[in-house]
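What follows is a short report on a single structure.
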Amino acid sequence: MAKKPRVLVVTGTLAELIVKRFASYCSAYADVEVCVLPRSVAALMTTDYIAKELARRGLEGYDAILLPGLSIGSAEPVEEATGVATYKGPRYASDIPEAVEALAKGVTLSRQSPSDEMLSAQRFERETEALRTLEKGEVLASIGEGNRRILLVRGARPKLFAEVVDAISKPFEEVLEIAKRFLDEGADAIDVGCLAGEPNPRRAAELVRRLREALPCSICVDTGDIDEAVEAALAGADVVLSIGPDRAKRIPSALLRKAIVITPVDGLSEEPPPTPEEAVSILAEAVEAARSQGAKSVLADPLTKPPCMGLADSIVAYYLARSVLPNTPLLMGFQNVTELIDADSIGANTLLASLACELGVSAVLTAEASPKTRGCVGEVRIALEMATLAKAWTRPPKDFARNLFVVKSKRLPEQKPHPSPHLVVHIGEPSPHRPDPAGYFKVFADLDQGELVLEHYPLGEEEPDEVARGKSAKALWRWAVERGLVSILDHAAYLGYELAKAEAALKLGKPYVQDQPLF
């Protein structure tokens with residue numbers, strides 16, 4: 001058996017206990033000792049200081065030294081002073097076992113960056129390569145041509161169709177802006193949403209044609225009107241959603257050359273089949289009818305019902321469809337869940353993506369029809385990547401470089417308040433507000449542009465005299481101070497507090513209202 005490496009982990013006095021606790025978990029692959037230097041906060045140590053302290057101690061017999069991940073400077077001075085290979089450790093004590101295990105396996109850590117950042121980046125690249133490899137599997141269907149081509153591959157990440165809801169009624173510039181944002185967030189294709197009961201074939205065709213000219217991706221059209229579908233297909237739509245069982249018996253030739261999505265009902269007003277078994281039976285017959293007419297690519301959509309209104313039956317229908325139609329790619333819509341439940345979309349999308357991958361779904365349709373579902377496209381893309389990897393590697397969708405933590409975290413804080421009860425003063429309500437002679441501010445979070453907006457007003461005025469935009473609360477706060485727009489300390493504290501709230505709201509995609517609680 002190979003000898004275990006001997007590793008020295010450096011920390012400060014405040015983190016001593018937690019660092020020793022996590023260092024004790026490393027015994028399976030290394031002999032780890034902890035060196036506590038006489039400084040309270042490890043992140044405030046410079047590597048020059050650490051080098052001098054360790055050099056005085058005359059270290060012998062160590063194979064590697066791990067410094068605090070947030071220590072200031074490169075690890076090189078420590079290595080030069082001690083003669084021992086030295087690297088930046090993790091930012092969090094809980095990641096010490098991962099860093100030590102990597103060293104034991106011969107991984108060369110960074111002398112500049114914290115080990116958890118480096119190892120996470122390596123994991124992300126390994127995951128990305130695994131996702132690319134899965135794309136080389138069995139092709140179930142091909143959508144589009146040339147650089148717009150999308151392959152639906154068994155076992156690969158389900159492709160993401162992002163619907164611009166009611167696109168038919170929006171100005172083209174607005175549709176294009178939304179579509180570009182969806183592509184930036186990970187969509188594979190853009191779906192042109194039409195209006196139920198208000199067909200406009202000419203407008204549908206125009207939108208499809210102009211989007212094809214402006215975007216390098218496949219374009220879908222989502223309509224229950226056959227004339228709208230035909231005109232959109234003739235204008236270049238690559239996918240038509242959706243064709244019901246009656247229409248599937250006589251599909252217009254213009255649609256047969258496209259990818260078509262078959263459902264077990266002919267329109268939104270029609271009642272779905274009462275049982276999953278009936279739904280899948282109808283769906284299978286419609287798929288066979290479409291193929292018998294020479295349809296190029298056929299996808300099957302058993303339809304996702306809203307929560308508490310048949311969602312469980314929908315899951316059963318997808319499970320049955322995967323068995324009855326093993327070589328037909330399945331499409332699953334997420335919006336009937338995310339739009340019809342008053343809860344944050346991120347958890348619903350993560351669970352739906354896991355179900356979709358377990359059920360062998362090849363394509364997913366999502367939308368952002370309301371403020372509460374803004375950001376769904378990006379959420380679904382990450383969730384699909386996590387679930388695809390989890391299924392391929394036979395493990396739960398956790399501990400990947402990718403994750404969908406936004407508000408919560410896997411870690412508890414490692415630093416605790418100083419144990420000094422005799423110094424504690426309990427503060428109640430704040431003192432009354434004092435107007436700042438330099439003026440007042442209005443703070444906004446512009447969700448459309450992804451920016452913070454800071455407007456300054458002279459006292460008594462209703463028009464701003466200065467306006468700044470940016471993504472960083474700290475940068476805007478400093479700008480205001482440098483411009484002399486703040487003259488009293490409690491106004492500076494108030495401004496920093498409100499800007500921090502606005503920045504958090506921007507990252508969460510949550511509406512921000514000045515002077516109101518964020519949660």
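Residues in the structure tokens are numbered from 1 in each chain, the chains being A, B, ... in the order shown, and ligands are numbered from 1 in the order shown.
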Using backbone DSSP assignments, extract all alpha helix (DSSP H) residues from range 43-261 of chain A; output them as a VMD selection string.
chain A and resid 47 to 57 76 to 82 96 to 104 115 to 134 172 to 184 201 to 214 226 to 234 253 to 256
Just the selected residues (C-alpha atoms), exported as a PDB file, in the first residue's frame, please.
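again-v1.pdb written:
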ATOM      1  CA  THR A  47       1.396  34.724   2.313  1.00  0.00           C
ATOM      2  CA  ASP A  48       4.582  36.661   3.178  1.00  0.00           C
ATOM      3  CA  TYR A  49       3.506  36.639   6.836  1.00  0.00           C
ATOM      4  CA  ILE A  50       2.707  32.910   6.678  1.00  0.00           C
ATOM      5  CA  ALA A  51       6.092  32.237   5.062  1.00  0.00           C
ATOM      6  CA  LYS A  52       7.954  33.976   7.915  1.00  0.00           C
ATOM      7  CA  GLU A  53       5.935  32.180  10.599  1.00  0.00           C
ATOM      8  CA  LEU A  54       6.416  28.722   9.079  1.00  0.00           C
ATOM      9  CA  ALA A  55      10.098  29.296   8.335  1.00  0.00           C
ATOM     10  CA  ARG A  56      10.673  30.008  12.028  1.00  0.00           C
ATOM     11  CA  ARG A  57       9.071  26.701  12.962  1.00  0.00           C
ATOM     12  CA  GLU A  76       5.054  30.756  -3.774  1.00  0.00           C
ATOM     13  CA  PRO A  77       6.728  32.691  -0.906  1.00  0.00           C
ATOM     14  CA  VAL A  78       5.674  29.956   1.523  1.00  0.00           C
ATOM     15  CA  GLU A  79       7.065  27.233  -0.723  1.00  0.00           C
ATOM     16  CA  GLU A  80      10.354  29.110  -1.103  1.00  0.00           C
ATOM     17  CA  ALA A  81      10.634  29.642   2.673  1.00  0.00           C
ATOM     18  CA  THR A  82       9.789  26.058   3.682  1.00  0.00           C
ATOM     19  CA  ILE A  96     -10.713  20.643   3.127  1.00  0.00           C
ATOM     20  CA  PRO A  97     -11.350  16.882   2.609  1.00  0.00           C
ATOM     21  CA  GLU A  98     -11.867  17.406  -1.132  1.00  0.00           C
ATOM     22  CA  ALA A  99      -8.626  19.384  -1.435  1.00  0.00           C
ATOM     23  CA  VAL A 100      -6.610  16.844   0.558  1.00  0.00           C
ATOM     24  CA  GLU A 101      -8.080  13.955  -1.422  1.00  0.00           C
ATOM     25  CA  ALA A 102      -7.118  15.712  -4.665  1.00  0.00           C
ATOM     26  CA  LEU A 103      -3.535  16.102  -3.420  1.00  0.00           C
ATOM     27  CA  ALA A 104      -3.436  12.426  -2.434  1.00  0.00           C
ATOM     28  CA  SER A 115      -8.622  24.937  -4.347  1.00  0.00           C
ATOM     29  CA  ASP A 116     -12.432  24.735  -4.315  1.00  0.00           C
ATOM     30  CA  GLU A 117     -12.632  27.202  -7.234  1.00  0.00           C
ATOM     31  CA  MET A 118     -10.033  25.278  -9.222  1.00  0.00           C
ATOM     32  CA  LEU A 119     -11.552  21.860  -8.527  1.00  0.00           C
ATOM     33  CA  SER A 120     -15.040  23.160  -9.310  1.00  0.00           C
ATOM     34  CA  ALA A 121     -13.825  24.497 -12.652  1.00  0.00           C
ATOM     35  CA  GLN A 122     -12.271  21.114 -13.431  1.00  0.00           C
ATOM     36  CA  ARG A 123     -15.494  19.330 -12.461  1.00  0.00           C
ATOM     37  CA  PHE A 124     -17.479  21.694 -14.665  1.00  0.00           C
ATOM     38  CA  GLU A 125     -15.276  20.908 -17.656  1.00  0.00           C
ATOM     39  CA  ARG A 126     -15.512  17.147 -17.010  1.00  0.00           C
ATOM     40  CA  GLU A 127     -19.287  17.453 -16.812  1.00  0.00           C
ATOM     41  CA  THR A 128     -19.391  19.504 -20.008  1.00  0.00           C
ATOM     42  CA  GLU A 129     -17.316  16.904 -21.832  1.00  0.00           C
ATOM     43  CA  ALA A 130     -19.626  14.154 -20.553  1.00  0.00           C
ATOM     44  CA  LEU A 131     -22.642  16.044 -21.902  1.00  0.00           C
ATOM     45  CA  ARG A 132     -20.891  16.362 -25.273  1.00  0.00           C
ATOM     46  CA  THR A 133     -20.148  12.639 -25.301  1.00  0.00           C
ATOM     47  CA  LEU A 134     -23.802  11.797 -24.640  1.00  0.00           C
ATOM     48  CA  PHE A 172     -41.142  42.178 -33.684  1.00  0.00           C
ATOM     49  CA  GLU A 173     -38.433  44.112 -31.812  1.00  0.00           C
ATOM     50  CA  GLU A 174     -39.856  42.948 -28.483  1.00  0.00           C
ATOM     51  CA  VAL A 175     -40.114  39.338 -29.676  1.00  0.00           C
ATOM     52  CA  LEU A 176     -36.527  39.458 -30.925  1.00  0.00           C
ATOM     53  CA  GLU A 177     -35.235  40.907 -27.650  1.00  0.00           C
ATOM     54  CA  ILE A 178     -36.961  38.176 -25.646  1.00  0.00           C
ATOM     55  CA  ALA A 179     -35.745  35.475 -28.046  1.00  0.00           C
ATOM     56  CA  LYS A 180     -32.143  36.667 -27.795  1.00  0.00           C
ATOM     57  CA  ARG A 181     -32.353  36.609 -24.002  1.00  0.00           C
ATOM     58  CA  PHE A 182     -33.724  33.061 -24.110  1.00  0.00           C
ATOM     59  CA  LEU A 183     -30.852  31.941 -26.343  1.00  0.00           C
ATOM     60  CA  ASP A 184     -28.327  33.589 -24.023  1.00  0.00           C
ATOM     61  CA  PRO A 201     -51.519  33.136 -40.398  1.00  0.00           C
ATOM     62  CA  ARG A 202     -49.896  36.108 -42.138  1.00  0.00           C
ATOM     63  CA  ARG A 203     -48.450  37.491 -38.895  1.00  0.00           C
ATOM     64  CA  ALA A 204     -47.227  34.049 -37.816  1.00  0.00           C
ATOM     65  CA  ALA A 205     -45.427  33.606 -41.125  1.00  0.00           C
ATOM     66  CA  GLU A 206     -43.884  37.079 -40.882  1.00  0.00           C
ATOM     67  CA  LEU A 207     -42.568  36.449 -37.374  1.00  0.00           C
ATOM     68  CA  VAL A 208     -41.083  33.092 -38.335  1.00  0.00           C
ATOM     69  CA  ARG A 209     -39.401  34.513 -41.427  1.00  0.00           C
ATOM     70  CA  ARG A 210     -37.901  37.511 -39.609  1.00  0.00           C
ATOM     71  CA  LEU A 211     -36.727  35.422 -36.658  1.00  0.00           C
ATOM     72  CA  ARG A 212     -35.003  33.012 -39.035  1.00  0.00           C
ATOM     73  CA  GLU A 213     -33.198  35.952 -40.610  1.00  0.00           C
ATOM     74  CA  ALA A 214     -32.138  37.333 -37.221  1.00  0.00           C
ATOM     75  CA  ILE A 226     -53.939  24.512 -39.133  1.00  0.00           C
ATOM     76  CA  ASP A 227     -53.763  27.524 -41.473  1.00  0.00           C
ATOM     77  CA  GLU A 228     -51.431  29.311 -39.071  1.00  0.00           C
ATOM     78  CA  ALA A 229     -49.300  26.174 -38.853  1.00  0.00           C
ATOM     79  CA  VAL A 230     -49.084  25.788 -42.639  1.00  0.00           C
ATOM     80  CA  GLU A 231     -48.161  29.424 -43.272  1.00  0.00           C
ATOM     81  CA  ALA A 232     -45.517  29.325 -40.540  1.00  0.00           C
ATOM     82  CA  ALA A 233     -44.100  26.098 -41.965  1.00  0.00           C
ATOM     83  CA  LEU A 234     -43.927  27.611 -45.464  1.00  0.00           C
ATOM     84  CA  SER A 253     -47.887  18.274 -47.076  1.00  0.00           C
ATOM     85  CA  ALA A 254     -46.169  21.481 -45.894  1.00  0.00           C
ATOM     86  CA  LEU A 255     -46.103  20.073 -42.362  1.00  0.00           C
ATOM     87  CA  LEU A 256     -44.876  16.622 -43.301  1.00  0.00           C
TER      88      LEU A 256
END
Among listed residues A:Asp342, A:Gly375, A:Pro458, A:Arg478, nearest Leu506 in chain A (using only C-alpha atoms)
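When distances to Leu506 in chain A are compared using only C-alpha atoms, the smallest one comes from A:Gly375.
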May I ask for the distance between CA of Val481 in chain A and CA of Tyr497 in chain A, given in Å to one decimal place?
14.3 Å
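Minimum distance to Glu198 in chain A across A:Pro5, A:Gly224, A:Pro114, A:Pro397 (counting only C-alpha atoms) occurs at A:Gly224.
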Please run DSSP on the backbone and report, as a PyMOL selection string, all residues within range 74-323 of chain A that come out as strand (DSSP E or B).
chain A and resi 86-88+139-143+150-153+159-164+189-193+218-222+239-243+259-262+297-300
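Proximity ranking of A:Ala187, A:Val36, A:Ala356, A:Ala438 relative to Ser487 in chain A places A:Ala438 first, based on only C-alpha atoms.
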Could you state the separation of CA of Gln514 in chain A and CA of His426 in chain A in Å, given to one decimal place?
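Separation of CA of Gln514 in chain A and CA of His426 in chain A: 26.2 Å.
With only C-alpha atoms as the atoms that count, the residue of A:Tyr319, A:Trp477, A:Phe405, A:Leu66 with the shortest distance to Gly89 in chain A is A:Leu66.
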Excluding Glu163 in chain A and residues on its chain fewer than 6 positions from it, collect all residues at most 6 Å away from it, counting only C-alpha atoms, and give them as a PyMOL selection string.
chain A and resi 190-192+367
Choose the residue, out of A:Gly347, A:Ala312, A:Leu299, A:Val239, that has the smallest atom-to-atom separation from Thr275 in chain A; count only C-alpha atoms.
A:Ala312
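Pairwise distance (CA of Pro90 in chain A, CA of Thr350 in chain A) equals 27.8 Å.
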Residues at most 12 Å from Gln335 in chain A, counting only C-alpha atoms, excluding those fewer than 4 positions away in the same chain, as a PyMOL selection string?
chain A and resi 161-165+303-307+339-341+345+348-349+352+364-370+372-374+376-377+380
For the selection just defined, write its residues with C-alpha atoms to a file, as an mmCIF file, in the first residue's frame.
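Full text of selection.cif as output:
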data_model
loop_
_atom_site.group_PDB
_atom_site.id
_atom_site.type_symbol
_atom_site.label_atom_id
_atom_site.label_comp_id
_atom_site.auth_asym_id
_atom_site.auth_seq_id
_atom_site.Cartn_x
_atom_site.Cartn_y
_atom_site.Cartn_z
ATOM 1 C CA PHE A 161 -37.694 24.985 -26.613
ATOM 2 C CA ALA A 162 -38.429 28.445 -25.162
ATOM 3 C CA GLU A 163 -41.796 29.973 -26.025
ATOM 4 C CA VAL A 164 -42.271 33.699 -26.511
ATOM 5 C CA VAL A 165 -45.823 33.767 -25.161
ATOM 6 C CA LEU A 303 -49.435 16.710 -22.169
ATOM 7 C CA THR A 304 -48.574 17.914 -18.682
ATOM 8 C CA LYS A 305 -51.583 18.790 -16.533
ATOM 9 C CA PRO A 306 -51.475 21.378 -13.714
ATOM 10 C CA PRO A 307 -50.639 20.400 -10.119
ATOM 11 C CA GLU A 339 -47.316 29.057 -14.231
ATOM 12 C CA LEU A 340 -50.095 27.351 -12.267
ATOM 13 C CA ILE A 341 -48.474 27.107 -8.862
ATOM 14 C CA SER A 345 -40.133 28.300 -10.192
ATOM 15 C CA ALA A 348 -40.375 23.135 -9.645
ATOM 16 C CA ASN A 349 -38.128 23.288 -12.712
ATOM 17 C CA LEU A 352 -39.549 18.528 -13.475
ATOM 18 C CA VAL A 364 -38.767 20.317 -23.086
ATOM 19 C CA LEU A 365 -40.973 23.347 -23.662
ATOM 20 C CA THR A 366 -40.952 26.205 -21.180
ATOM 21 C CA ALA A 367 -42.155 29.789 -21.091
ATOM 22 C CA GLU A 368 -41.952 32.956 -19.012
ATOM 23 C CA ALA A 369 -45.530 34.171 -19.201
ATOM 24 C CA SER A 370 -45.588 36.010 -15.859
ATOM 25 C CA LYS A 372 -43.005 34.808 -11.186
ATOM 26 C CA THR A 373 -41.616 32.602 -13.978
ATOM 27 C CA ARG A 374 -39.046 35.063 -15.260
ATOM 28 C CA CYS A 376 -37.307 29.831 -16.172
ATOM 29 C CA VAL A 377 -35.305 29.289 -19.359
ATOM 30 C CA VAL A 380 -34.486 24.692 -16.906
#
Near Cys35 in chain A, counting only C-alpha atoms, which residues have an atom at most 9 Å away, once you skip same-chain residues fewer than 5 positions from it, shown as a list in words?
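Within the cut-off, the hits are Leu8, Val9, Val10, Thr11, Gly12, Glu16 and Leu54 of chain A.
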Emit the selected residues as a compact mmCIF listing (two decimals), in the first residue's frame, including C-alpha atoms.
# COMPACT_ATOMS: atom_id res chain seq x y z
CA LEU A 8 -0.09 20.65 6.84
CA VAL A 9 -3.20 22.86 6.86
CA VAL A 10 -2.67 26.46 7.96
CA THR A 11 -5.39 28.51 9.67
CA GLY A 12 -6.01 31.27 12.22
CA GLU A 16 -9.16 26.52 14.59
CA LEU A 54 6.42 28.72 9.08
Counting only C-alpha atoms, which residue out of A:Val406, A:Val467, A:Ala353, A:Ile251 sits closest to Ala289 in chain A?
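For Ala289 in chain A, the nearest of the candidates is A:Ile251.
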